[in-house]
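Before any comments, here is the structure.
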Amino acid sequence: MRLLPGLAAAAVALVLAFLIHALVPSLPAMTLAVVLGVLAANLPVTGGWTAGRARPGLDFAGKHLMRGGIVLLGLKVGIGDVLDLGWLALVLITAVVAASFGGTYLISRLFRLPPVTSLLVATGFSICGASAIGAMAAVRRIRHVDTVLPVALVTLCGTLAIGVLPLLVHPLQLSAEVFGAWTGASVHDVGQVVATAQTAGPAALAIAVVVKLTRVLLLAPVTALAGAHHRISLRPSGDDAGLPPVVPLFVLGFVAMVALRSTGWLAEGWLEAGAMLQDVLLGAALFGLGSAVRIRTLLLTGGRALLAALASWLLIAVLGLAAALLIVG
């Protein structure tokens with residue numbers, strides 16, 4: 001019963017987010033869920049309630065529903081679609097993810113962000129936004145509260161991409177295919193990729209989604225490496241008792257869903273139902289995370305983090321554009 005107020009609030013926010021998205025398709029529902037969470041946390045009428053009675057349910061959504069959404073995210077990734085890009089494209093996308101991860105981590109540390117925050121920002125920016133942040137936090141056993149700022153930053157910069165990248169198509173003289181590949185290689189969240197790429201038409205959207213989902217596929221090996229490193233750093237004296245698993249069950253679930261999608265056994269209706277349930281789970285989780293953001297605290301402590309995020313966003317945009325020109329060219 002203590003979870004009910006927060007989960008009910010998340011459900012109401014989800015309905016509102018989907019309604020706004022239906023009216024304004026360029027605004028991704030997942031981004032709206034975060035924004036609504038931030039508003040709920042900072043408006044006088046609802047701020048006290050989200051910090052009080054609703055907090056247990058909102059924290060539950062931000063942690064556990066996020067993991068369920070990550071599992072179902074695997075149903076969007078088909079190995080055949082990824083392999084159709086060709087080996088050069090796969091190598092380039094992997095290189096972009098690796099360079100984005102390392103570069104963002106270094107930038108964050110240069111701006112004197114804590115190692116935990118730097119790790120989560122690097123993961124979210126380089127792979128798949130808030131979903132990747134949630135997965136990395138679980139693997140490294142990072143506190144739920146420490147994921148709030150990275151999620152806010154990745155949402156902000158992903159939303160910035162929706163507005164900025166389409167404005168650069170004509171100045172940079174990009175074809176629809178190059179723009180789509182650029183979007184898929186550099187924008188953070190899947191919904192933000194769709195919102196950005198669709199401005200250049202169906203050809204851009206088609207390649208953007210496949211490139212983006214190739215980045216999503218790298219979630220499993222990256223978190224596995226992070227989990228292995230974490231175990232090595234925590235191992236007391238060869239005794240594995242009490243150490244976290246190398247790969248959490250929900251990441252294995254993500255891999256299983258990728259494998260299931262790749263078999264071709266699932267009818268389109270099941271895939272659509274899975275995508276809908278994934279949106280519901282991730283939307284509720286993102287509302288829960290957004291509801292923990294206090295604007296006043298963010299302004300006082302997040303100035304360096306914002307500058308680091310913008311610098312990282314620019315780095316990933318440049319890397320993604322270079323890869324897109326090589327992939328399509």
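All residue names refer to the structure tokens as shown: chains lettered A, B, ... in order, residues numbered from 1 in each chain, ligands numbered from 1 in order.
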Next item on the list: Write out as an MDAnalysis selection string which residues come within 10 Å of Pro202 in chain A when counting only C-alpha atoms, dropping same-chain ones fewer than 4 positions away.
Entry: chainID A and resid 176:177 180 197:198 206:208
Next item on the list: Please return as a PyMOL selection string: the residues of range 17-258 of chain A that backbone DSSP assigns to helix (DSSP H, G or I).
Entry: chain A and resi 17-23+29-42+44-51+55-76+79-83+87-110+115-128+130-139+144-168+176-186+190-200+202-217+219-234+249-258
Item checked: Long-range neighbours of Leu298 in chain A as a list of chain:residue names, 12 Å cut-off, only C-alpha atoms, 6 positions minimum in chain -> A:Val38, A:Asn42, A:Val148, A:Leu149, A:Pro150, A:Ala152, A:Leu153, A:Gly290, A:Ala292, A:Arg304, A:Ala305, A:Leu306
Now that the selection is made, can you save its residues with all heavy atoms as a short mmCIF file (atom, residue, chain, number, x, y, z; two decimals), in the first residue's frame?
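Result file follows (again.cif):
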```cif
data_model
loop_
_atom_site.label_atom_id
_atom_site.label_comp_id
_atom_site.auth_asym_id
_atom_site.auth_seq_id
_atom_site.Cartn_x
_atom_site.Cartn_y
_atom_site.Cartn_z
N VAL A 38 9.93 16.31 -13.10
CA VAL A 38 10.63 17.48 -12.58
C VAL A 38 9.63 18.55 -12.16
O VAL A 38 9.77 19.18 -11.09
CB VAL A 38 11.60 18.04 -13.64
CG1 VAL A 38 12.22 19.36 -13.16
CG2 VAL A 38 12.70 17.02 -13.94
N ASN A 42 8.84 20.20 -8.26
CA ASN A 42 9.20 21.59 -8.00
C ASN A 42 8.04 22.57 -7.93
O ASN A 42 8.23 23.73 -7.56
CB ASN A 42 10.20 22.06 -9.06
CG ASN A 42 11.54 21.35 -8.94
OD1 ASN A 42 12.39 21.73 -8.17
ND2 ASN A 42 11.71 20.26 -9.70
N VAL A 148 19.96 10.47 -10.49
CA VAL A 148 19.02 11.55 -10.82
C VAL A 148 19.67 12.60 -11.72
O VAL A 148 19.12 12.97 -12.77
CB VAL A 148 18.48 12.20 -9.53
CG1 VAL A 148 17.68 13.46 -9.87
CG2 VAL A 148 17.61 11.21 -8.76
N LEU A 149 20.84 13.10 -11.34
CA LEU A 149 21.51 14.14 -12.15
C LEU A 149 21.90 13.62 -13.53
O LEU A 149 21.62 14.31 -14.54
CB LEU A 149 22.73 14.67 -11.40
CG LEU A 149 23.57 15.73 -12.14
CD1 LEU A 149 22.72 16.94 -12.48
CD2 LEU A 149 24.78 16.12 -11.31
N PRO A 150 22.51 12.44 -13.68
CA PRO A 150 22.83 11.95 -15.02
C PRO A 150 21.59 11.80 -15.91
O PRO A 150 21.64 12.12 -17.10
CB PRO A 150 23.47 10.59 -14.75
CG PRO A 150 24.09 10.73 -13.41
CD PRO A 150 23.13 11.58 -12.63
N ALA A 152 18.81 13.56 -15.71
CA ALA A 152 18.40 14.92 -16.07
C ALA A 152 19.28 15.47 -17.20
O ALA A 152 18.78 16.09 -18.15
CB ALA A 152 18.47 15.83 -14.85
N LEU A 153 20.57 15.23 -17.12
CA LEU A 153 21.49 15.74 -18.14
C LEU A 153 21.29 15.05 -19.48
O LEU A 153 21.28 15.71 -20.54
CB LEU A 153 22.94 15.54 -17.67
CG LEU A 153 23.38 16.36 -16.46
CD1 LEU A 153 24.77 15.94 -16.01
CD2 LEU A 153 23.34 17.86 -16.77
N GLY A 290 12.61 11.71 -12.52
CA GLY A 290 12.44 13.16 -12.66
C GLY A 290 11.88 13.81 -11.41
O GLY A 290 12.22 14.95 -11.08
N ALA A 292 12.60 13.28 -8.50
CA ALA A 292 13.63 13.45 -7.47
C ALA A 292 14.54 14.64 -7.75
O ALA A 292 15.43 14.94 -6.96
CB ALA A 292 14.46 12.18 -7.35
N ARG A 304 28.66 22.80 -13.16
CA ARG A 304 29.77 22.10 -13.81
C ARG A 304 29.27 20.89 -14.59
O ARG A 304 29.77 20.59 -15.67
CB ARG A 304 30.80 21.65 -12.76
CG ARG A 304 31.56 22.77 -12.10
CD ARG A 304 32.81 22.25 -11.40
NE ARG A 304 32.55 21.10 -10.55
CZ ARG A 304 32.13 21.16 -9.30
NH1 ARG A 304 31.91 22.34 -8.74
NH2 ARG A 304 31.93 20.06 -8.59
N ALA A 305 28.30 20.21 -14.02
CA ALA A 305 27.74 19.02 -14.69
C ALA A 305 27.10 19.41 -16.02
O ALA A 305 27.24 18.70 -17.03
CB ALA A 305 26.73 18.33 -13.79
N LEU A 306 26.40 20.54 -16.04
CA LEU A 306 25.76 20.99 -17.29
C LEU A 306 26.79 21.33 -18.34
O LEU A 306 26.65 20.95 -19.52
CB LEU A 306 24.87 22.20 -16.99
CG LEU A 306 24.14 22.79 -18.20
CD1 LEU A 306 23.25 21.75 -18.86
CD2 LEU A 306 23.32 24.01 -17.78
#
```
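Among the candidates A:Val247, A:Gly52, A:Ala122, A:Ser100, the residue lying nearest to His229 in chain A is A:Val247 (atoms considered: only C-alpha atoms).
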Check: Counting only C-alpha atoms, which of A:Val216, A:Leu65, A:Ile93, A:Ala267 gets nearest to Ala185 in chain A?
Finding: A:Ile93
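For the set A:Ala137, A:Leu119, A:Val12, A:Val251, the residue with the smallest atom-to-atom gap to Leu217 in chain A is A:Val251, counting only C-alpha atoms.
If only C-alpha atoms are the atoms counted, then among A:Pro248, A:Gly269, A:Gly320, A:Gly302 the closest residue to Phe125 in chain A is A:Gly320.
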Item checked: Near-Leu252 in chain A list (12 Å; only C-alpha atoms; drop same-chain fewer than 2 positions) as a ChimeraX atom specification -> /A:67-68,70-74,135,139,219-221,223-224,245-250,254-259
Next item on the list: Find the residues around Arg141 in chain A up to 12 Å (only C-alpha atoms counted), leave out those fewer than 2 positions away in its own chain, and share them as number ranges by chain.
Entry: A: 63, 116, 120, 133-139, 143-147, 223, 226-227, 230-231, 234, 243-248
Notebook entry, point to check: At what distance in Å, to one decimal, does CA of Leu314 in chain A lie from CA of Leu168 in chain A?
Noted result: 13.3 Å
Check: Which residues, written as a count of residues only, have at least one atom at most 12 Å from Ala95 in chain A, with only C-alpha atoms counted and residues fewer than 5 positions away on the same chain left out?
Finding: 18
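Of note, CA of Leu277 in chain A and CA of Gly57 in chain A are spaced 18.5 Å apart.
Counting only C-alpha atoms, the residue from A:Leu23, A:Ile79, A:Ala61, A:Val211 that sits nearest to Ala324 in chain A is A:Val211.
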